[in-house]
>>> print(open('data28.cif').read())   # mmCIF, C-alpha atoms
data_protein
loop_
_atom_site.label_atom_id
_atom_site.label_comp_id
_atom_site.auth_asym_id
_atom_site.auth_seq_id
_atom_site.Cartn_x
_atom_site.Cartn_y
_atom_site.Cartn_z
CA ASP A 265 175.01 23.52 43.10
CA GLY A 266 177.28 20.59 43.78
CA TYR A 267 179.81 22.70 45.65
CA TYR A 268 177.28 24.31 47.97
CA ALA A 269 175.64 20.96 48.68
CA LEU A 270 178.87 19.81 50.34
CA ASP A 271 179.60 20.24 54.02
CA ASP A 272 182.41 22.47 55.25
CA ALA A 273 185.06 19.76 55.00
CA GLY A 274 183.94 18.85 51.48
CA ARG A 275 184.09 22.45 50.30
CA ARG A 276 187.56 22.99 51.77
CA ALA A 277 188.78 19.84 50.03
CA GLN A 278 187.85 21.36 46.67
CA GLY A 279 189.39 24.75 47.52
CA ILE A 280 188.08 28.13 48.64
CA PRO A 281 186.61 30.24 45.77
CA ALA A 282 188.57 33.34 44.87
CA VAL A 283 187.61 36.51 46.73
CA ASP A 284 187.78 39.88 44.97
CA LYS A 285 190.04 41.96 47.22
CA HIS A 286 189.86 45.14 45.17
CA GLN A 287 188.43 48.22 46.88
CA TYR A 288 185.73 50.01 44.90
CA ALA A 289 184.31 53.49 45.40
CA ARG A 290 180.71 52.42 44.84
CA ASP A 291 180.83 49.60 47.38
CA ASN A 292 182.61 51.67 50.00
CA GLY A 293 180.09 54.48 49.56
CA MET A 294 177.25 52.01 50.14
CA ALA A 295 179.02 50.65 53.21
CA ILE A 296 179.61 54.13 54.63
CA LEU A 297 175.91 54.96 54.20
CA ALA A 298 174.92 51.70 55.90
CA MET A 299 177.37 52.12 58.78
CA ALA A 300 176.27 55.71 59.37
CA GLU A 301 172.67 54.54 59.61
CA LEU A 302 173.72 51.69 61.91
CA TYR A 303 175.51 54.16 64.16
CA ALA A 304 172.43 56.39 64.27
CA THR A 305 170.27 53.39 65.17
CA THR A 306 172.51 51.80 67.80
CA GLY A 307 174.65 54.67 69.09
CA ASP A 308 177.65 52.32 68.92
CA PRO A 309 180.70 54.53 68.13
CA ARG A 310 182.51 51.61 66.45
CA HIS A 311 180.19 51.91 63.47
CA LEU A 312 180.88 55.64 63.15
CA GLN A 313 184.63 55.00 63.42
CA ALA A 314 184.43 52.38 60.66
CA ALA A 315 182.40 54.70 58.42
CA THR A 316 184.82 57.57 59.02
CA ARG A 317 187.89 55.44 58.25
CA ALA A 318 186.29 54.23 55.03
CA ALA A 319 185.34 57.78 54.01
CA GLU A 320 188.83 59.11 54.70
CA TRP A 321 190.31 56.30 52.60
CA LEU A 322 187.77 56.97 49.84
CA VAL A 323 188.60 60.67 49.68
CA THR A 324 192.34 59.98 49.72
CA SER A 325 192.47 57.03 47.32
CA ARG A 326 189.56 57.35 44.88
CA ARG A 327 188.63 61.02 44.67
CA GLY A 328 189.54 63.17 41.69
CA SER A 329 190.40 66.87 41.80
CA ASN A 330 186.92 67.80 40.55
CA GLY A 331 185.14 65.87 43.32
CA SER A 332 184.27 62.77 41.26
CA PHE A 333 185.27 59.24 42.29
CA ARG A 334 186.85 56.55 40.15
CA HIS A 335 185.89 52.89 40.52
CA GLY A 336 189.21 51.21 41.34
CA ASP A 337 192.97 51.62 41.21
CA ASP A 338 193.16 52.36 37.47
CA THR A 339 193.31 56.13 37.01
CA GLY A 340 192.68 55.77 33.28
CA GLU A 341 189.41 53.83 33.42
CA PRO A 342 186.14 55.54 32.38
CA LEU A 343 184.29 57.21 35.21
CA CYS A 344 180.98 55.63 36.24
CA LEU A 345 178.03 57.40 37.82
CA ALA A 346 177.53 54.73 40.50
CA ASP A 347 180.93 55.39 42.08
CA SER A 348 180.44 59.14 42.53
CA LEU A 349 176.76 58.72 43.40
CA TRP A 350 177.25 56.26 46.25
CA ALA A 351 180.42 57.93 47.50
CA GLY A 352 178.49 61.21 47.67
CA ARG A 353 175.59 59.61 49.49
CA GLY A 354 177.97 58.09 52.01
CA LEU A 355 179.68 61.43 52.65
CA LEU A 356 176.33 63.18 53.12
CA ALA A 357 175.22 60.47 55.54
CA LEU A 358 178.33 61.15 57.63
CA TYR A 359 177.44 64.84 57.78
CA ALA A 360 173.93 63.96 58.93
CA VAL A 361 175.18 61.92 61.89
CA THR A 362 178.13 64.14 62.91
CA GLY A 363 177.36 67.71 61.87
CA ASP A 364 180.91 67.93 60.45
CA ARG A 365 180.74 70.41 57.57
CA ALA A 366 183.77 68.93 55.84
CA TRP A 367 181.65 65.93 54.78
CA LEU A 368 178.90 68.21 53.50
CA ALA A 369 181.39 70.22 51.44
CA ARG A 370 182.76 67.07 49.80
CA ALA A 371 179.27 65.79 49.08
CA ARG A 372 178.45 69.10 47.38
CA GLU A 373 181.58 68.87 45.23
CA THR A 374 180.67 65.33 44.25
CA LEU A 375 177.20 66.28 43.07
CA GLY A 376 178.68 69.19 41.14
CA ALA A 377 181.02 66.75 39.38
CA ILE A 378 178.10 64.43 38.62
CA GLU A 379 176.19 67.27 36.97
CA GLN A 380 179.25 68.17 34.91
CA LEU A 381 180.23 64.66 33.84
CA PHE A 382 177.06 62.59 33.57
CA SER A 383 174.23 64.89 32.47
CA ASN A 384 172.33 63.45 29.51
CA PRO A 385 172.89 65.91 26.62
CA ASP A 386 169.74 64.64 24.92
CA GLY A 387 167.25 65.18 27.71
CA ALA A 388 166.13 63.61 30.99
CA GLY A 389 168.30 61.62 33.34
CA PHE A 390 172.00 61.10 33.93
CA LEU A 391 174.31 58.73 32.06
CA SER A 392 175.74 55.66 33.74
CA SER A 393 179.26 56.50 32.55
CA ALA A 394 181.02 59.60 31.30
CA PRO A 395 181.08 59.90 27.49
CA GLY A 396 184.53 59.68 26.00
CA PRO A 397 186.76 58.22 23.31
CA GLN A 398 187.24 55.00 25.31
CA SER A 399 183.96 53.51 24.05
CA PRO A 400 182.16 53.95 20.73
CA LEU A 401 178.85 53.05 22.41
CA ARG A 402 176.50 55.61 23.92
CA PRO A 403 176.41 55.24 27.73
CA ALA A 404 173.23 53.75 29.12
CA ILE A 405 170.84 55.53 31.48
CA ARG A 406 169.86 53.31 34.40
CA LEU A 407 166.58 53.92 36.20
CA GLU A 408 167.75 52.68 39.60
CA GLU A 409 170.80 54.97 39.50
CA ASN A 410 168.68 57.97 38.60
CA ILE A 411 166.27 57.24 41.43
CA ALA A 412 169.15 57.09 43.92
CA LEU A 413 170.62 60.26 42.41
CA ALA A 414 167.28 62.08 42.68
CA ARG A 415 167.14 61.27 46.39
CA PHE A 416 170.78 62.29 46.95
CA ALA A 417 170.40 65.59 45.08
CA ASN A 418 167.14 66.41 46.85
CA GLU A 419 168.69 65.74 50.24
CA LEU A 420 171.62 68.02 49.39
CA PHE A 421 169.16 70.69 48.26
CA ARG A 422 167.40 70.50 51.64
CA TYR A 423 170.69 70.82 53.52
CA THR A 424 172.18 73.60 51.41
CA GLY A 425 169.28 75.46 49.79
CA ASP A 426 171.14 75.30 46.46
CA ALA A 427 168.44 75.39 43.77
CA SER A 428 170.74 73.73 41.22
CA PHE A 429 170.65 70.58 43.32
CA GLN A 430 166.86 70.64 43.26
CA GLY A 431 167.08 70.92 39.48
CA ALA A 432 169.40 67.91 39.35
CA ALA A 433 166.96 65.90 41.47
CA ARG A 434 164.08 66.73 39.18
CA ARG A 435 166.12 65.97 36.09
CA ALA A 436 167.13 62.58 37.44
CA LEU A 437 163.60 61.63 38.47
CA SER A 438 162.11 62.89 35.19
CA PHE A 439 163.79 59.95 33.47
CA ALA A 440 161.28 57.68 35.22
CA ALA A 441 158.50 59.36 33.23
CA GLN A 442 160.13 58.52 29.90
CA ARG A 443 158.45 55.72 27.96
CA GLU A 444 161.64 53.65 27.78
CA ALA A 445 162.03 53.77 31.55
CA ALA A 446 158.36 53.35 32.47
CA LEU A 447 158.00 50.24 30.33
CA GLY A 448 161.51 48.91 30.82
CA SER A 449 160.92 47.19 34.16
CA ILE A 450 158.02 45.48 35.89
CA SER A 451 158.35 47.45 39.11
CA GLU A 452 160.64 50.08 40.59
CA PRO A 453 159.07 51.22 43.88
CA GLY A 454 161.90 53.64 44.52
CA VAL A 455 160.17 56.00 42.08
CA LEU A 456 157.36 56.55 44.59
CA LEU A 457 159.78 57.11 47.46
CA ALA A 458 161.87 59.60 45.50
CA GLY A 459 158.77 61.38 44.24
CA GLU A 460 157.40 61.81 47.76
CA GLU A 461 160.71 63.15 49.04
CA LEU A 462 161.04 65.67 46.23
CA ALA A 463 157.52 66.92 46.92
CA THR A 464 157.82 67.37 50.71
CA ASP A 465 160.10 69.12 53.17
CA PRO A 466 161.78 66.66 55.56
CA PRO A 467 161.29 67.05 59.31
CA HIS A 468 164.11 69.29 60.50
CA PHE A 469 165.94 68.80 63.81
CA THR A 470 168.58 71.36 64.78
CA VAL A 471 170.85 71.60 67.79
CA VAL A 472 172.16 75.10 68.45
CA GLY A 473 175.29 75.02 70.61
CA GLY A 474 179.04 74.68 70.51
CA LYS A 475 180.59 71.47 69.24
CA GLY A 476 182.63 71.30 72.44
CA ASP A 477 179.63 71.74 74.73
CA ALA A 478 178.59 68.51 76.47
CA ALA A 479 174.91 69.50 76.56
CA ALA A 480 174.90 70.14 72.79
CA GLN A 481 176.65 66.82 72.21
CA GLU A 482 173.97 64.98 74.17
CA LEU A 483 171.14 66.77 72.38
CA PHE A 484 172.58 65.95 68.97
CA ALA A 485 172.98 62.30 69.97
CA ASP A 486 169.34 62.33 71.02
CA THR A 487 168.24 63.50 67.56
CA LEU A 488 169.64 60.23 66.18
CA LYS A 489 167.65 57.97 68.50
CA VAL A 490 164.41 58.09 66.51
CA PRO A 491 164.79 56.10 63.24
CA ALA A 492 164.10 58.24 60.18
CA VAL A 493 164.66 57.52 56.52
CA TYR A 494 163.94 61.09 55.41
CA ALA A 495 164.98 63.79 57.85
CA ARG A 496 167.27 66.80 58.07
CA ARG A 497 169.51 66.76 61.15
CA GLU A 498 171.88 69.65 61.82
CA TRP A 499 174.17 70.96 64.51
CA TRP A 500 174.76 74.68 64.40
CA ASP A 501 177.83 75.96 66.17
CA ARG A 502 177.72 79.73 65.65
CA GLN A 503 181.52 79.86 65.59
CA GLU A 504 181.40 78.00 62.25
CA GLY A 505 179.45 80.83 60.63
CA PRO A 506 175.93 80.81 59.19
CA MET A 507 174.10 77.54 58.65
CA PRO A 508 174.57 75.98 55.19
CA ASN A 509 170.86 76.59 54.55
CA PRO A 510 169.74 79.42 56.86
CA ASP A 511 166.03 78.99 56.15
CA VAL A 512 165.15 79.06 59.86
CA GLN A 513 166.08 81.83 62.27
CA TYR A 514 167.01 80.58 65.75
CA PRO A 515 167.16 82.78 68.88
CA GLN A 516 170.33 83.56 70.78
CA LEU A 517 170.13 81.57 74.03
CA PRO A 518 172.39 81.34 77.08
CA LYS A 519 172.71 77.55 76.74
CA SER A 520 172.49 74.86 74.08
CA ALA A 521 169.03 73.95 72.81
CA ALA A 522 167.33 71.87 70.16
CA PHE A 523 164.48 72.74 67.82
CA VAL A 524 162.08 70.47 65.97
CA CYS A 525 160.57 71.88 62.78
CA ALA A 526 157.90 70.36 60.54
CA ASN A 527 155.15 71.67 58.26
CA LYS A 528 156.65 75.19 58.28
CA ARG A 529 156.45 75.42 62.08
CA CYS A 530 159.14 75.08 64.75
CA SER A 531 159.03 74.15 68.39
CA LEU A 532 160.09 76.29 71.31
CA PRO A 533 163.65 75.62 72.52
CA ILE A 534 164.09 72.10 73.93
CA PHE A 535 166.73 71.50 76.58
CA GLY A 536 166.08 67.90 77.66
CA GLY A 537 166.74 64.69 75.75
CA GLU A 538 163.48 62.95 76.67
CA GLU A 539 161.39 65.90 75.51
CA LEU A 540 163.41 66.07 72.30
CA THR A 541 163.03 62.40 71.34
CA SER A 542 159.34 62.52 72.28
CA ARG A 543 158.75 65.56 70.06
CA ILE A 544 160.62 63.95 67.15
CA ALA A 545 158.60 60.75 67.55
CA GLN A 546 155.38 62.80 67.48
CA VAL A 547 156.42 64.35 64.16
CA PHE A 548 156.82 60.96 62.52
CA ALA A 549 153.67 59.55 64.13
CA ALA A 550 151.68 62.38 62.58
CA LYS A 551 152.88 61.60 59.03
#
>>> encode(input="data28.cif", output="structure tokens")
Amino acid sequence: DGYYALDDAGRRAQGIPAVDKHQYARDNGMAILAMAELYATTGDPRHLQAATRAAEWLVTSRRGSNGSFRHGDDTGEPLCLADSLWAGRGLLALYAVTGDRAWLARARETLGAIEQLFSNPDGAGFLSSAPGPQSPLRPAIRLEENIALARFANELFRYTGDASFQGAARRALSFAAQREAALGSISEPGVLLAGEELATDPPHFTVVGGKGDAAAQELFADTLKVPAVYARREWWDRQEGPMPNPDVQYPQLPKSAAFVCANKRCSLPIFGGEELTSRIAQVFAAK
């Protein structure tokens, strides 16, 4: 209290507090997620560039061969759920704002590693750290981590159609129904958010057109202009093969188009940005 009561000159006279300059997977994953959302909100490419640089560093410097992420520089330290969880969420966020399938593939591998390493052998939820000989104590199960994991796994299920990811989401969220979790905190509103997302299909916006086509690029950028916490945005270039989750059949058209799907129904092809953003806004206004 005394230090922070001082003015700038007084603080500097006592010395600047130490700053932790280590680079952690968890924190970088959170930052990537935030910067991807900031890019979607502002359209400023600097935020996307920063998120991409951080993700490339994360994959190169913290990622294991099985898709999991370690916390820091020490390759021998126990693996923690939070590092792989937030790294995976950051990678998936990059896919959602770029349509680059490489980020989706890495996010899938990360969730697969989470299921392998952190599943609770005794029932609901996922462990906060991987069991091993390093610690004689049983790893804890943290409610806030399982809520975030439920949302991540559900989002991956929507993008890929992989039922195992839906199972992981349900397993993570089921921990919230356990007596120890329900009575262990005064309030955890994320339970309601995760529960709603698991129970409903997200609005689905798809651009069908080549990644090198200027019209497709503009349409995809327009899908980002309407803020959305829970949405499925995709860019289908037919040259990349089938969509990761081909649950909607799109017509073959002579030029790039966008489609807005919600409540099991899809729009006619949309070719203009204003019509697209208006239709997306109508979907969220109706919720």
>>> resolve_selection(input="data28.cif", expression="the PyMOL selection byres ((chain A and resi 346) around 8)", output="PyMOL selection string")
chain A and resi 290+344-345+347-350+392+409
>>> write_last_selection(input="data28.cif", atoms="C-alpha atoms", output="PDB file, in the frame of the given file")
ATOM      1  CA  ARG A 290     180.710  52.420  44.840  1.00  0.00           C
ATOM      2  CA  CYS A 344     180.980  55.630  36.240  1.00  0.00           C
ATOM      3  CA  LEU A 345     178.030  57.400  37.820  1.00  0.00           C
ATOM      4  CA  ASP A 347     180.930  55.390  42.080  1.00  0.00           C
ATOM      5  CA  SER A 348     180.440  59.140  42.530  1.00  0.00           C
ATOM      6  CA  LEU A 349     176.760  58.720  43.400  1.00  0.00           C
ATOM      7  CA  TRP A 350     177.250  56.260  46.250  1.00  0.00           C
ATOM      8  CA  SER A 392     175.740  55.660  33.740  1.00  0.00           C
ATOM      9  CA  GLU A 409     170.800  54.970  39.500  1.00  0.00           C
TER      10      GLU A 409
END
>>> resolve_selection(input="data28.cif", expression="the PyMOL selection byres ((chain A and resi 379) around 12)", output="PyMOL selection string")
chain A and resi 330-332+345+348-349+372-378+380-385+389-391+394+413-414+417+428-433+435-436
>>> closest_residue(input="data28.cif", among="A:Ala550, A:Ala492, A:Leu356, A:Val471", to="Leu517 (chain A)", atoms="only C-alpha atoms")
A:Val471
>>> resolve_selection(input="data28.cif", expression="the PyMOL selection byres ((chain A and resi 526-536) around 12)", output="NGL selection string")
:A and (464-473 or 479-487 or 495-496 or 511-525 or 537-548 or 550-551)
>>> atom_distance(input="data28.cif", atom1="CA of Lys475 (chain A)", atom2="CA of Leu312 (chain A)")
17.0 Å
>>> closest_residue(input="data28.cif", among="A:Arg415, A:Arg402, A:Arg502, A:His286", to="Leu456 (chain A)", atoms="all atoms listed in the file")
A:Arg415
>>> atom_distance(input="data28.cif", atom1="CA of Val361 (chain A)", atom2="CA of Thr424 (chain A)")
16.0 Å
>>> atom_distance(input="data28.cif", atom1="CA of Thr362 (chain A)", atom2="CA of Leu437 (chain A)")
28.5 Å
>>> axis_aligned_box(input="data28.cif", around="region 291-301 of chain A", padding_each_side="4 Å", output="AutoDock Vina command-line options")
--center_x 177.6 --center_y 52.7 --center_z 53.5 --size_x 17.9 --size_y 14.1 --size_z 20.2
>>> closest_residue(input="data28.cif", among="A:Ala388, A:Ala445, A:Val283, A:Leu368", to="Glu419 (chain A)", atoms="all atoms listed in the file")
A:Leu368
>>> closest_residue(input="data28.cif", among="A:Gln442, A:Pro510, A:Ile405, A:Ala351", to="Arg422 (chain A)", atoms="all atoms listed in the file")
A:Pro510
>>> closest_residue(input="data28.cif", among="A:Tyr303, A:Tyr267, A:Tyr359, A:Phe439", to="Pro281 (chain A)", atoms="only C-alpha atoms")
A:Tyr267
>>> closest_residue(input="data28.cif", among="A:Ala412, A:Met294, A:Leu358, A:Ala289", to="His335 (chain A)", atoms="all atoms listed in the file")
A:Ala289
>>> build_atoms(input="data28.cif", residues="region 338-349 of chain A", atoms="all heavy atoms", output="mmCIF file, keeping the file's coordinate frame")
data_model
loop_
_atom_site.group_PDB
_atom_site.id
_atom_site.type_symbol
_atom_site.label_atom_id
_atom_site.label_comp_id
_atom_site.auth_asym_id
_atom_site.auth_seq_id
_atom_site.Cartn_x
_atom_site.Cartn_y
_atom_site.Cartn_z
ATOM 1 N N ASP A 338 192.763 51.871 38.794
ATOM 2 C CA ASP A 338 193.160 52.360 37.470
ATOM 3 C C ASP A 338 192.697 53.796 37.270
ATOM 4 O O ASP A 338 191.503 54.079 37.189
ATOM 5 C CB ASP A 338 192.557 51.455 36.389
ATOM 6 C CG ASP A 338 193.052 51.817 34.995
ATOM 7 O OD1 ASP A 338 193.826 52.797 34.864
ATOM 8 O OD2 ASP A 338 192.657 51.128 34.029
ATOM 9 N N THR A 339 193.652 54.711 37.187
ATOM 10 C CA THR A 339 193.310 56.130 37.010
ATOM 11 C C THR A 339 192.854 56.438 35.591
ATOM 12 O O THR A 339 192.312 57.509 35.352
ATOM 13 C CB THR A 339 194.513 57.014 37.346
ATOM 14 O OG1 THR A 339 195.623 56.645 36.514
ATOM 15 C CG2 THR A 339 194.899 56.861 38.812
ATOM 16 N N GLY A 340 193.055 55.507 34.662
ATOM 17 C CA GLY A 340 192.680 55.770 33.280
ATOM 18 C C GLY A 340 191.346 55.174 32.869
ATOM 19 O O GLY A 340 190.912 55.346 31.726
ATOM 20 N N GLU A 341 190.678 54.467 33.781
ATOM 21 C CA GLU A 341 189.410 53.830 33.420
ATOM 22 C C GLU A 341 188.293 54.869 33.319
ATOM 23 O O GLU A 341 188.353 55.922 33.957
ATOM 24 C CB GLU A 341 189.050 52.767 34.450
ATOM 25 C CG GLU A 341 188.781 53.322 35.844
ATOM 26 C CD GLU A 341 188.541 52.235 36.865
ATOM 27 O OE1 GLU A 341 188.404 51.073 36.471
ATOM 28 O OE2 GLU A 341 188.491 52.553 38.063
ATOM 29 N N PRO A 342 187.269 54.598 32.496
ATOM 30 C CA PRO A 342 186.140 55.540 32.380
ATOM 31 C C PRO A 342 185.450 55.727 33.723
ATOM 32 O O PRO A 342 185.338 54.788 34.513
ATOM 33 C CB PRO A 342 185.218 54.846 31.368
ATOM 34 C CG PRO A 342 186.085 53.886 30.635
ATOM 35 C CD PRO A 342 187.120 53.435 31.597
ATOM 36 N N LEU A 343 184.996 56.935 33.975
ATOM 37 C CA LEU A 343 184.290 57.210 35.210
ATOM 38 C C LEU A 343 182.848 56.730 35.106
ATOM 39 O O LEU A 343 182.195 56.882 34.071
ATOM 40 C CB LEU A 343 184.298 58.713 35.488
ATOM 41 C CG LEU A 343 185.667 59.336 35.776
ATOM 42 C CD1 LEU A 343 185.545 60.841 35.925
ATOM 43 C CD2 LEU A 343 186.285 58.721 37.033
ATOM 44 N N CYS A 344 182.342 56.145 36.200
ATOM 45 C CA CYS A 344 180.980 55.630 36.240
ATOM 46 C C CYS A 344 180.163 56.404 37.274
ATOM 47 O O CYS A 344 180.665 56.731 38.353
ATOM 48 C CB CYS A 344 180.968 54.145 36.583
ATOM 49 S SG CYS A 344 181.723 53.109 35.312
ATOM 50 N N LEU A 345 178.910 56.655 36.936
ATOM 51 C CA LEU A 345 178.030 57.400 37.820
ATOM 52 C C LEU A 345 177.903 56.752 39.193
ATOM 53 O O LEU A 345 177.913 57.439 40.213
ATOM 54 C CB LEU A 345 176.641 57.533 37.172
ATOM 55 C CG LEU A 345 175.529 58.124 38.039
ATOM 56 C CD1 LEU A 345 175.884 59.535 38.484
ATOM 57 C CD2 LEU A 345 174.198 58.118 37.273
ATOM 58 N N ALA A 346 177.784 55.425 39.234
ATOM 59 C CA ALA A 346 177.530 54.730 40.500
ATOM 60 C C ALA A 346 178.604 55.013 41.538
ATOM 61 O O ALA A 346 178.304 55.117 42.742
ATOM 62 C CB ALA A 346 177.413 53.234 40.256
ATOM 63 N N ASP A 347 179.851 55.156 41.119
ATOM 64 C CA ASP A 347 180.930 55.390 42.080
ATOM 65 C C ASP A 347 180.800 56.755 42.739
ATOM 66 O O ASP A 347 180.880 56.869 43.968
ATOM 67 C CB ASP A 347 182.281 55.254 41.378
ATOM 68 C CG ASP A 347 182.541 53.843 40.909
ATOM 69 O OD1 ASP A 347 182.597 52.941 41.753
ATOM 70 O OD2 ASP A 347 182.668 53.636 39.688
ATOM 71 N N SER A 348 180.590 57.802 41.958
ATOM 72 C CA SER A 348 180.440 59.140 42.530
ATOM 73 C C SER A 348 179.117 59.262 43.285
ATOM 74 O O SER A 348 179.048 59.892 44.352
ATOM 75 C CB SER A 348 180.506 60.199 41.422
ATOM 76 O OG SER A 348 181.807 60.269 40.866
ATOM 77 N N LEU A 349 178.064 58.653 42.756
ATOM 78 C CA LEU A 349 176.760 58.720 43.400
ATOM 79 C C LEU A 349 176.787 58.144 44.805
ATOM 80 O O LEU A 349 176.387 58.797 45.781
ATOM 81 C CB LEU A 349 175.739 57.963 42.532
ATOM 82 C CG LEU A 349 174.408 57.583 43.179
ATOM 83 C CD1 LEU A 349 173.657 58.815 43.640
ATOM 84 C CD2 LEU A 349 173.569 56.755 42.207
#
